[in-house]
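Asker: Below you'll find my_file.pdb; it's PDB, C-alpha atoms.
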MODEL        1
ATOM      1  CA  MET A   1      84.281  48.771  80.249
ATOM      2  CA  ILE A   2      85.049  51.652  77.926
ATOM      3  CA  THR A   3      81.896  53.501  76.933
ATOM      4  CA  ILE A   4      81.321  56.521  74.733
ATOM      5  CA  ALA A   5      80.510  58.553  77.818
ATOM      6  CA  SER A   6      83.773  57.608  79.501
ATOM      7  CA  VAL A   7      85.734  58.499  76.354
ATOM      8  CA  LEU A   8      83.955  61.867  76.177
ATOM      9  CA  ALA A   9      84.640  62.448  79.851
ATOM     10  CA  PHE A  10      88.303  61.600  79.276
ATOM     11  CA  LEU A  11      88.460  64.176  76.484
ATOM     12  CA  THR A  12      86.772  66.878  78.533
ATOM     13  CA  THR A  13      88.752  66.460  81.722
ATOM     14  CA  GLY A  14      92.384  67.011  80.856
ATOM     15  CA  MET A  15      95.341  65.307  82.481
ATOM     16  CA  ASP A  16      97.321  66.327  85.504
ATOM     17  CA  LEU A  17     100.879  66.580  84.208
ATOM     18  CA  THR A  18     102.382  68.588  87.022
ATOM     19  CA  ARG A  19     104.546  65.648  88.138
ATOM     20  CA  PHE A  20     105.109  64.252  84.663
ATOM     21  CA  PRO A  21     108.353  64.963  82.779
ATOM     22  CA  ARG A  22     107.117  67.399  80.156
ATOM     23  CA  PHE A  23     110.123  66.747  77.966
ATOM     24  CA  VAL A  24     108.747  63.305  77.099
ATOM     25  CA  LEU A  25     105.629  64.875  75.591
ATOM     26  CA  MET A  26     107.828  66.551  72.992
ATOM     27  CA  LEU A  27     108.698  63.168  71.476
ATOM     28  CA  PRO A  28     105.310  62.216  69.954
ATOM     29  CA  LEU A  29     104.768  65.765  68.726
ATOM     30  CA  CYS A  30     108.132  65.747  66.961
ATOM     31  CA  LEU A  31     107.297  62.326  65.538
ATOM     32  CA  SER A  32     104.060  63.708  64.062
ATOM     33  CA  VAL A  33     105.933  66.586  62.468
ATOM     34  CA  ALA A  34     108.557  64.236  61.021
ATOM     35  CA  VAL A  35     105.997  61.769  59.640
ATOM     36  CA  ILE A  36     103.823  64.435  57.998
ATOM     37  CA  TYR A  37     106.792  66.344  56.596
ATOM     38  CA  LYS A  38     108.363  63.273  55.072
ATOM     39  CA  SER A  39     104.996  61.997  53.795
ATOM     40  CA  THR A  40     104.467  65.202  51.869
ATOM     41  CA  ARG A  41     108.042  65.497  50.596
ATOM     42  CA  MET A  42     108.799  61.957  49.497
ATOM     43  CA  GLU A  43     107.300  60.268  46.462
ATOM     44  CA  ASN A  44     107.962  56.719  47.625
ATOM     45  CA  MET A  45     105.929  56.024  50.765
ATOM     46  CA  ARG A  46     107.986  52.917  51.542
ATOM     47  CA  ALA A  47     110.962  55.144  52.297
ATOM     48  CA  VAL A  48     108.984  57.371  54.670
ATOM     49  CA  PRO A  49     109.392  55.377  57.951
ATOM     50  CA  ALA A  50     113.197  55.390  57.839
ATOM     51  CA  ALA A  51     113.410  59.005  56.691
ATOM     52  CA  ALA A  52     110.880  60.104  59.317
ATOM     53  CA  ALA A  53     112.829  58.278  62.047
ATOM     54  CA  VAL A  54     116.043  60.032  61.033
ATOM     55  CA  LEU A  55     114.282  63.406  60.950
ATOM     56  CA  TRP A  56     112.625  62.701  64.324
ATOM     57  CA  ILE A  57     115.967  61.956  65.958
ATOM     58  CA  THR A  58     117.481  65.035  64.322
ATOM     59  CA  ILE A  59     114.693  67.298  65.600
ATOM     60  CA  VAL A  60     114.861  65.871  69.122
ATOM     61  CA  LEU A  61     118.658  66.107  69.306
ATOM     62  CA  GLY A  62     118.530  69.624  67.866
ATOM     63  CA  MET A  63     115.986  70.733  70.465
ATOM     64  CA  VAL A  64     117.992  69.105  73.245
ATOM     65  CA  ALA A  65     121.085  70.956  72.005
ATOM     66  CA  VAL A  66     119.189  74.258  71.962
ATOM     67  CA  GLY A  67     117.832  73.547  75.449
ATOM     68  CA  VAL A  68     121.273  72.718  76.837
ATOM     69  CA  GLY A  69     122.721  75.799  75.168
ATOM     70  CA  LEU A  70     120.067  78.085  76.642
ATOM     71  CA  TRP A  71     120.422  76.446  80.065
ATOM     72  CA  ALA A  72     124.191  77.017  79.949
ATOM     73  CA  LEU A  73     123.676  80.620  78.853
ATOM     74  CA  PHE A  74     121.249  81.320  81.677
ATOM     75  CA  SER A  75     123.534  79.578  84.171
ATOM     76  CA  VAL A  76     126.424  81.808  83.137
ATOM     77  CA  MET A  77     124.299  84.957  83.233
ATOM     78  CA  ALA A  78     122.742  84.155  86.620
TER      79      ALA A  78
ATOM     80  CA  MET B   1     104.210  91.810  18.511
ATOM     81  CA  ALA B   2     100.651  90.905  19.416
ATOM     82  CA  PRO B   3      99.949  90.633  23.151
ATOM     83  CA  VAL B   4      99.489  87.125  24.465
ATOM     84  CA  PRO B   5      96.066  86.614  26.069
ATOM     85  CA  THR B   6      96.212  86.093  29.810
ATOM     86  CA  GLU B   7      94.169  82.894  29.569
ATOM     87  CA  SER B   8      96.744  81.214  27.330
ATOM     88  CA  ILE B   9      99.571  82.169  29.696
ATOM     89  CA  GLU B  10      97.668  80.587  32.615
ATOM     90  CA  SER B  11      96.912  77.514  30.539
ATOM     91  CA  ALA B  12     100.537  77.069  29.557
ATOM     92  CA  ALA B  13     101.797  77.562  33.117
ATOM     93  CA  ASN B  14      99.102  75.564  34.804
ATOM     94  CA  PRO B  15      97.160  73.052  32.693
ATOM     95  CA  ALA B  16      94.752  72.421  35.569
ATOM     96  CA  LEU B  17      93.380  75.930  35.206
ATOM     97  CA  ALA B  18      92.609  75.379  31.526
ATOM     98  CA  ASP B  19      90.122  72.596  32.156
ATOM     99  CA  PRO B  20      87.150  73.473  34.385
ATOM    100  CA  ALA B  21      86.696  69.822  35.351
ATOM    101  CA  SER B  22      90.318  69.543  36.472
ATOM    102  CA  LEU B  23      90.071  72.818  38.336
ATOM    103  CA  ALA B  24      86.956  71.562  40.109
ATOM    104  CA  ARG B  25      88.694  68.349  41.114
ATOM    105  CA  VAL B  26      91.781  70.176  42.352
ATOM    106  CA  SER B  27      89.489  72.411  44.413
ATOM    107  CA  ALA B  28      87.628  69.353  45.686
ATOM    108  CA  ALA B  29      90.930  67.753  46.726
ATOM    109  CA  GLY B  30      91.828  70.901  48.671
ATOM    110  CA  LEU B  31      88.420  71.167  50.301
ATOM    111  CA  LEU B  32      88.385  67.495  51.272
ATOM    112  CA  SER B  33      91.884  67.862  52.700
ATOM    113  CA  TRP B  34      90.658  70.698  54.874
ATOM    114  CA  LEU B  35      87.535  68.825  55.982
ATOM    115  CA  MET B  36      89.615  65.831  57.035
ATOM    116  CA  PRO B  37      93.399  65.879  56.557
ATOM    117  CA  GLY B  38      94.380  63.087  54.162
ATOM    118  CA  LEU B  39      90.961  62.858  52.504
ATOM    119  CA  GLY B  40      92.200  64.919  49.550
ATOM    120  CA  HIS B  41      94.986  62.405  48.958
ATOM    121  CA  LEU B  42      92.499  59.548  49.120
ATOM    122  CA  PHE B  43      90.335  61.435  46.621
ATOM    123  CA  ILE B  44      93.154  61.641  44.080
ATOM    124  CA  GLY B  45      94.049  57.996  44.619
ATOM    125  CA  ASP B  46      97.108  58.415  46.839
ATOM    126  CA  ARG B  47      95.769  55.983  49.408
ATOM    127  CA  THR B  48      98.785  55.250  51.615
ATOM    128  CA  ARG B  49      99.809  58.898  51.922
ATOM    129  CA  GLY B  50      96.222  59.882  52.705
ATOM    130  CA  ILE B  51      95.823  57.297  55.439
ATOM    131  CA  VAL B  52      99.204  58.145  57.010
ATOM    132  CA  CYS B  53      98.401  61.873  57.045
ATOM    133  CA  MET B  54      94.888  61.318  58.359
ATOM    134  CA  VAL B  55      95.898  58.971  61.171
ATOM    135  CA  THR B  56      98.859  61.107  62.236
ATOM    136  CA  ILE B  57      96.957  64.394  62.364
ATOM    137  CA  VAL B  58      93.841  62.936  63.976
ATOM    138  CA  ILE B  59      95.916  61.237  66.687
ATOM    139  CA  THR B  60      97.951  64.402  67.297
ATOM    140  CA  PHE B  61      94.867  66.603  67.521
ATOM    141  CA  TRP B  62      92.837  64.359  69.805
ATOM    142  CA  SER B  63      95.857  63.584  71.976
ATOM    143  CA  GLY B  64      96.113  67.320  72.557
ATOM    144  CA  VAL B  65      92.441  67.502  73.435
ATOM    145  CA  ALA B  66      92.823  64.567  75.830
ATOM    146  CA  ILE B  67      95.898  66.093  77.473
ATOM    147  CA  GLY B  68      94.532  69.591  77.950
ATOM    148  CA  GLY B  69      90.822  68.982  78.213
ATOM    149  CA  VAL B  70      88.574  70.248  75.466
ATOM    150  CA  ARG B  71      87.467  73.464  77.183
ATOM    151  CA  ALA B  72      91.003  74.666  77.820
ATOM    152  CA  THR B  73      92.366  73.473  74.489
ATOM    153  CA  VAL B  74      89.773  74.625  71.965
ATOM    154  CA  ASP B  75      89.076  78.139  73.182
ATOM    155  CA  PRO B  76      88.286  80.777  70.505
ATOM    156  CA  GLN B  77      88.067  83.579  73.079
ATOM    157  CA  GLU B  78      91.189  83.047  75.173
ATOM    158  CA  ARG B  79      93.391  81.371  72.564
ATOM    159  CA  SER B  80      92.187  82.924  69.340
ATOM    160  CA  LEU B  81      95.441  82.558  67.355
ATOM    161  CA  TRP B  82      95.799  78.935  68.369
ATOM    162  CA  PHE B  83      92.168  78.437  67.424
ATOM    163  CA  LEU B  84      92.930  79.760  63.932
ATOM    164  CA  ALA B  85      95.619  77.092  63.601
ATOM    165  CA  GLN B  86      93.233  74.457  64.974
ATOM    166  CA  LEU B  87      90.620  75.462  62.373
ATOM    167  CA  CYS B  88      92.833  73.928  59.687
ATOM    168  CA  THR B  89      91.976  70.465  61.007
ATOM    169  CA  GLY B  90      88.422  70.934  59.695
ATOM    170  CA  THR B  91      85.900  68.523  61.119
ATOM    171  CA  ASN B  92      88.214  67.632  64.012
ATOM    172  CA  VAL B  93      88.007  71.097  65.496
ATOM    173  CA  GLY B  94      84.276  71.182  64.691
ATOM    174  CA  ALA B  95      83.725  68.022  66.697
ATOM    175  CA  ALA B  96      85.915  69.330  69.518
ATOM    176  CA  TYR B  97      83.985  72.605  69.552
ATOM    177  CA  LEU B  98      80.697  70.727  69.809
ATOM    178  CA  LEU B  99      82.149  68.587  72.594
ATOM    179  CA  ARG B 100      83.339  71.766  74.295
ATOM    180  CA  GLY B 101      79.794  73.073  74.493
ATOM    181  CA  ASP B 102      78.635  69.712  75.736
ATOM    182  CA  ALA B 103      81.481  69.225  78.216
ATOM    183  CA  PRO B 104      79.731  70.132  81.489
ATOM    184  CA  ARG B 105      76.741  67.950  80.663
ATOM    185  CA  VAL B 106      78.917  64.967  79.733
ATOM    186  CA  SER B 107      80.959  65.396  82.881
ATOM    187  CA  GLN B 108      77.860  65.403  85.088
ATOM    188  CA  ARG B 109      76.432  62.358  83.369
ATOM    189  CA  VAL B 110      79.548  60.243  83.974
ATOM    190  CA  SER B 111      80.515  61.196  87.476
ATOM    191  CA  ALA B 112      80.649  64.521  89.218
ATOM    192  CA  ALA B 113      83.451  63.300  91.467
ATOM    193  CA  GLN B 114      85.453  61.791  88.624
ATOM    194  CA  VAL B 115      85.368  64.955  86.597
ATOM    195  CA  ALA B 116      85.911  67.783  89.022
ATOM    196  CA  ALA B 117      86.909  70.423  86.509
ATOM    197  CA  THR B 118      86.434  70.543  82.753
ATOM    198  CA  ALA B 119      89.514  72.704  82.282
ATOM    199  CA  GLY B 120      92.766  70.885  82.900
ATOM    200  CA  PRO B 121      95.699  72.244  84.905
ATOM    201  CA  TRP B 122      97.562  75.012  83.131
ATOM    202  CA  VAL B 123     100.529  72.825  82.198
ATOM    203  CA  SER B 124      98.255  70.292  80.535
ATOM    204  CA  ALA B 125      96.249  73.022  78.843
ATOM    205  CA  ASP B 126      99.365  74.585  77.327
ATOM    206  CA  ILE B 127     100.668  71.260  76.081
ATOM    207  CA  GLY B 128      97.243  70.351  74.693
ATOM    208  CA  VAL B 129      97.050  73.647  72.829
ATOM    209  CA  HIS B 130     100.480  73.040  71.327
ATOM    210  CA  TYR B 131      99.482  69.567  70.157
ATOM    211  CA  THR B 132      96.243  70.748  68.549
ATOM    212  CA  GLY B 133      97.860  73.860  67.074
ATOM    213  CA  VAL B 134     100.701  71.886  65.531
ATOM    214  CA  ALA B 135      98.137  69.414  64.150
ATOM    215  CA  GLY B 136      96.422  72.368  62.466
ATOM    216  CA  LEU B 137      99.657  73.692  61.006
ATOM    217  CA  LEU B 138     100.542  70.233  59.723
ATOM    218  CA  SER B 139      97.097  70.146  58.102
ATOM    219  CA  ILE B 140      98.063  73.217  56.066
ATOM    220  CA  LEU B 141     101.058  71.268  54.787
ATOM    221  CA  VAL B 142      98.814  68.337  53.876
ATOM    222  CA  ILE B 143      96.270  70.598  52.135
ATOM    223  CA  LEU B 144      98.984  72.267  50.053
ATOM    224  CA  ASP B 145     100.480  68.891  49.184
ATOM    225  CA  ALA B 146      97.073  67.531  48.105
ATOM    226  CA  LEU B 147      96.521  70.609  45.925
ATOM    227  CA  GLY B 148      99.951  70.229  44.334
ATOM    228  CA  ARG B 149      99.570  66.529  43.679
ATOM    229  CA  ALA B 150      96.038  66.968  42.297
ATOM    230  CA  GLU B 151      97.306  69.675  39.969
ATOM    231  CA  ARG B 152     100.272  67.639  38.738
ATOM    232  CA  LEU B 153      98.254  64.480  38.194
ATOM    233  CA  PRO B 154      97.678  63.728  34.482
ATOM    234  CA  ARG B 155      94.088  64.197  33.421
ATOM    235  CA  ALA B 156      93.750  60.574  32.314
ATOM    236  CA  SER B 157      94.537  59.272  35.792
ATOM    237  CA  TRP B 158      91.700  61.295  37.321
ATOM    238  CA  ARG B 159      89.228  58.888  35.886
ATOM    239  CA  SER B 160      88.591  56.137  38.359
ATOM    240  CA  SER B 161      87.237  52.780  37.316
ATOM    241  CA  ARG B 162      83.812  53.976  38.473
ATOM    242  CA  ASP B 163      83.865  56.844  35.961
ATOM    243  CA  ARG B 164      84.953  54.758  33.027
ATOM    244  CA  PRO B 165      82.337  53.545  30.567
ATOM    245  CA  ARG B 166      81.697  49.828  30.529
ATOM    246  CA  GLY B 167      84.103  47.894  28.349
ATOM    247  CA  VAL B 168      86.837  50.496  28.575
ATOM    248  CA  THR B 169      89.910  49.492  30.540
TER     249      THR B 169
ENDMDL
END
Let me see the file written as structure tokens.
Answerer:
Amino acid sequence: MITIASVLAFLTTGMDLTRFPRFVLMLPLCLSVAVIYKSTRMENMRAVPAAAAVLWITIVLGMVAVGVGLWALFSVMA
Amino acid sequence: MAPVPTESIESAANPALADPASLARVSAAGLLSWLMPGLGHLFIGDRTRGIVCMVTIVITFWSGVAIGGVRATVDPQERSLWFLAQLCTGTNVGAAYLLRGDAPRVSQRVSAAQVAATAGPWVSADIGVHYTGVAGLLSILVILDALGRAERLPRASWRSSRDRPRGVT
């Protein structure tokens, strides 16, 4: 059973992510950025989900491209 | 040519500044947005936008706290610049700071074995700090948006049905 104490303990403990693919944690953060940005920029809130999804994919693909580019650069320099 | 008074320039550029009541409500929208992101939008009647902003920022902030652990995530001494960003989430960071002080006691009450350390591993702590910091920076965006929308809103639409006299629609 979930109690207040167990929720508080969950919040105070922290998670062990040493074996977890950290890249995946970028996805919800980018989604938050996309949703808030589009919510503040667009007048019609009905259009926000689609626009935020497009922006989310753009951000993620852009960051992947930057990551691949840096990885290639470091590989060449090494 | 006679000089134009500064007050009339401000009034022409920004009608909200001309009316003390409007100025107070714009300020209230900004303050409420800081206290809880999205509350300023709810205050000016932009319900959907307010709820979306509130839910998104609250989930982002508390996900960060859950990932990193509150003691490693909300740390004014070790992560002072991140803490400044976190401060923009208002009551969220206040609650997290209170929880931070209470963390050892809560941990002992639940299970000493279950909660071995109140500070998460460094990877988790860094990711948690990024989540909470980004939530704070997004709050700035929401505060500015609430201020802008409150300022642009026509004076007539400020009056909610509660404010209107009886018989007036």
Asker: For a test of reading the model, state the distance in Å between CA of Ala72 in chain B and CA of Arg19 in chain A, rounded to one decimal.
Answerer: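 Taking CA of Ala72 in chain B as the start and CA of Arg19 in chain A as the end point, the length is 19.3 Å.
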Asker: Can you tell me how far CA of His41 in chain B sits from CA of Leu23 in chain B, in Å to one decimal?
Answerer: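 CA of His41 in chain B sits 15.7 Å away from CA of Leu23 in chain B.
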Asker: Which one of B:Pro154, B:Val129, B:Ala66, B:Arg25 sits closest to Arg79 in chain B if you count all atoms listed in the file?
Answerer: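 Of B:Pro154, B:Val129, B:Ala66, B:Arg25, the one nearest Arg79 in chain B, counting all atoms listed in the file, is B:Val129.
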Asker: Given the PyMOL selection byres ((chain A) within 12 of (chain B)) and the file above, list the residues it selects as a tab-separated table (two decimals) with C-alpha atoms, in the coordinates of the input.
Answerer:
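To be explicit, this is the file written out as expr.tsv:
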chain	number	residue	atom	x	y	z
A	2	ILE	CA	85.05	51.65	77.93
A	3	THR	CA	81.90	53.50	76.93
A	4	ILE	CA	81.32	56.52	74.73
A	5	ALA	CA	80.51	58.55	77.82
A	6	SER	CA	83.77	57.61	79.50
A	7	VAL	CA	85.73	58.50	76.35
A	8	LEU	CA	83.96	61.87	76.18
A	9	ALA	CA	84.64	62.45	79.85
A	10	PHE	CA	88.30	61.60	79.28
A	11	LEU	CA	88.46	64.18	76.48
A	12	THR	CA	86.77	66.88	78.53
A	13	THR	CA	88.75	66.46	81.72
A	14	GLY	CA	92.38	67.01	80.86
A	15	MET	CA	95.34	65.31	82.48
A	16	ASP	CA	97.32	66.33	85.50
A	17	LEU	CA	100.88	66.58	84.21
A	18	THR	CA	102.38	68.59	87.02
A	19	ARG	CA	104.55	65.65	88.14
A	20	PHE	CA	105.11	64.25	84.66
A	21	PRO	CA	108.35	64.96	82.78
A	22	ARG	CA	107.12	67.40	80.16
A	23	PHE	CA	110.12	66.75	77.97
A	24	VAL	CA	108.75	63.30	77.10
A	25	LEU	CA	105.63	64.88	75.59
A	26	MET	CA	107.83	66.55	72.99
A	27	LEU	CA	108.70	63.17	71.48
A	28	PRO	CA	105.31	62.22	69.95
A	29	LEU	CA	104.77	65.76	68.73
A	30	CYS	CA	108.13	65.75	66.96
A	31	LEU	CA	107.30	62.33	65.54
A	32	SER	CA	104.06	63.71	64.06
A	33	VAL	CA	105.93	66.59	62.47
A	34	ALA	CA	108.56	64.24	61.02
A	35	VAL	CA	106.00	61.77	59.64
A	36	ILE	CA	103.82	64.44	58.00
A	37	TYR	CA	106.79	66.34	56.60
A	38	LYS	CA	108.36	63.27	55.07
A	39	SER	CA	105.00	62.00	53.80
A	40	THR	CA	104.47	65.20	51.87
A	41	ARG	CA	108.04	65.50	50.60
A	42	MET	CA	108.80	61.96	49.50
A	43	GLU	CA	107.30	60.27	46.46
A	44	ASN	CA	107.96	56.72	47.62
A	45	MET	CA	105.93	56.02	50.76
A	46	ARG	CA	107.99	52.92	51.54
A	47	ALA	CA	110.96	55.14	52.30
A	48	VAL	CA	108.98	57.37	54.67
A	49	PRO	CA	109.39	55.38	57.95
Asker: One decimal, Å: what's the distance from CA of Gly38 in chain B over to CA of Ile51 in chain B, could you say?
Answerer: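 Going from CA of Gly38 in chain B over to CA of Ile51 in chain B covers 6.1 Å.
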Asker: Specify as JSON, numbers by chain each residue included when the PyMOL selection byres ((chain B and resi 88-93) around 6) is applied to this file.
Answerer: {"B": [34, 35, 36, 85, 86, 87, 94, 95, 96, 97, 136, 139]}
Asker: If I only have part of range 36-51 of chain A, can you fill in N, CA, C and O atoms and write it as a tab-separated table (two decimals), in the coordinates of the input?
Answerer:
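After the write, selection.tsv holds the following:
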chain	number	residue	atom	x	y	z
A	36	ILE	N	104.58	63.64	58.98
A	36	ILE	CA	103.82	64.44	58.00
A	36	ILE	C	104.77	65.11	57.00
A	36	ILE	O	104.51	65.11	55.79
A	37	TYR	N	105.86	65.66	57.50
A	37	TYR	CA	106.79	66.34	56.60
A	37	TYR	C	107.34	65.37	55.56
A	37	TYR	O	107.33	65.66	54.36
A	38	LYS	N	107.78	64.23	56.02
A	38	LYS	CA	108.36	63.27	55.07
A	38	LYS	C	107.30	62.68	54.15
A	38	LYS	O	107.57	62.36	53.00
A	39	SER	N	106.07	62.52	54.65
A	39	SER	CA	105.00	62.00	53.80
A	39	SER	C	104.68	62.95	52.65
A	39	SER	O	104.32	62.52	51.55
A	40	THR	N	104.78	64.25	52.93
A	40	THR	CA	104.47	65.20	51.87
A	40	THR	C	105.66	65.43	50.94
A	40	THR	O	105.47	65.81	49.79
A	41	ARG	N	106.86	65.19	51.42
A	41	ARG	CA	108.04	65.50	50.60
A	41	ARG	C	108.49	64.32	49.73
A	41	ARG	O	109.06	64.53	48.67
A	42	MET	N	108.25	63.11	50.20
A	42	MET	CA	108.80	61.96	49.50
A	42	MET	C	107.76	61.33	48.57
A	42	MET	O	106.58	61.25	48.90
A	43	GLU	N	108.21	60.90	47.42
A	43	GLU	CA	107.30	60.27	46.46
A	43	GLU	C	107.04	58.81	46.84
A	43	GLU	O	105.92	58.33	46.72
A	44	ASN	N	108.09	58.13	47.28
A	44	ASN	CA	107.96	56.72	47.62
A	44	ASN	C	107.60	56.58	49.11
A	44	ASN	O	108.43	56.85	49.98
A	45	MET	N	106.39	56.12	49.38
A	45	MET	CA	105.93	56.02	50.76
A	45	MET	C	106.65	54.94	51.56
A	45	MET	O	106.66	54.97	52.78
A	46	ARG	N	107.25	53.98	50.84
A	46	ARG	CA	107.99	52.92	51.54
A	46	ARG	C	109.23	53.46	52.23
A	46	ARG	O	109.71	52.89	53.20
A	47	ALA	N	109.74	54.57	51.72
A	47	ALA	CA	110.96	55.14	52.30
A	47	ALA	C	110.65	56.11	53.44
A	47	ALA	O	111.57	56.59	54.10
A	48	VAL	N	109.37	56.37	53.66
A	48	VAL	CA	108.98	57.37	54.67
A	48	VAL	C	109.36	56.96	56.10
A	48	VAL	O	109.90	57.79	56.84
A	49	PRO	N	109.09	55.72	56.55
A	49	PRO	CA	109.39	55.38	57.95
A	49	PRO	C	110.85	55.64	58.34
A	49	PRO	O	111.11	56.27	59.37
A	50	ALA	N	111.77	55.20	57.51
A	50	ALA	CA	113.20	55.39	57.84
A	50	ALA	C	113.56	56.88	57.82
A	50	ALA	O	114.23	57.37	58.74
A	51	ALA	N	113.09	57.58	56.80
A	51	ALA	CA	113.41	59.00	56.69
A	51	ALA	C	112.78	59.78	57.84
A	51	ALA	O	113.40	60.71	58.40
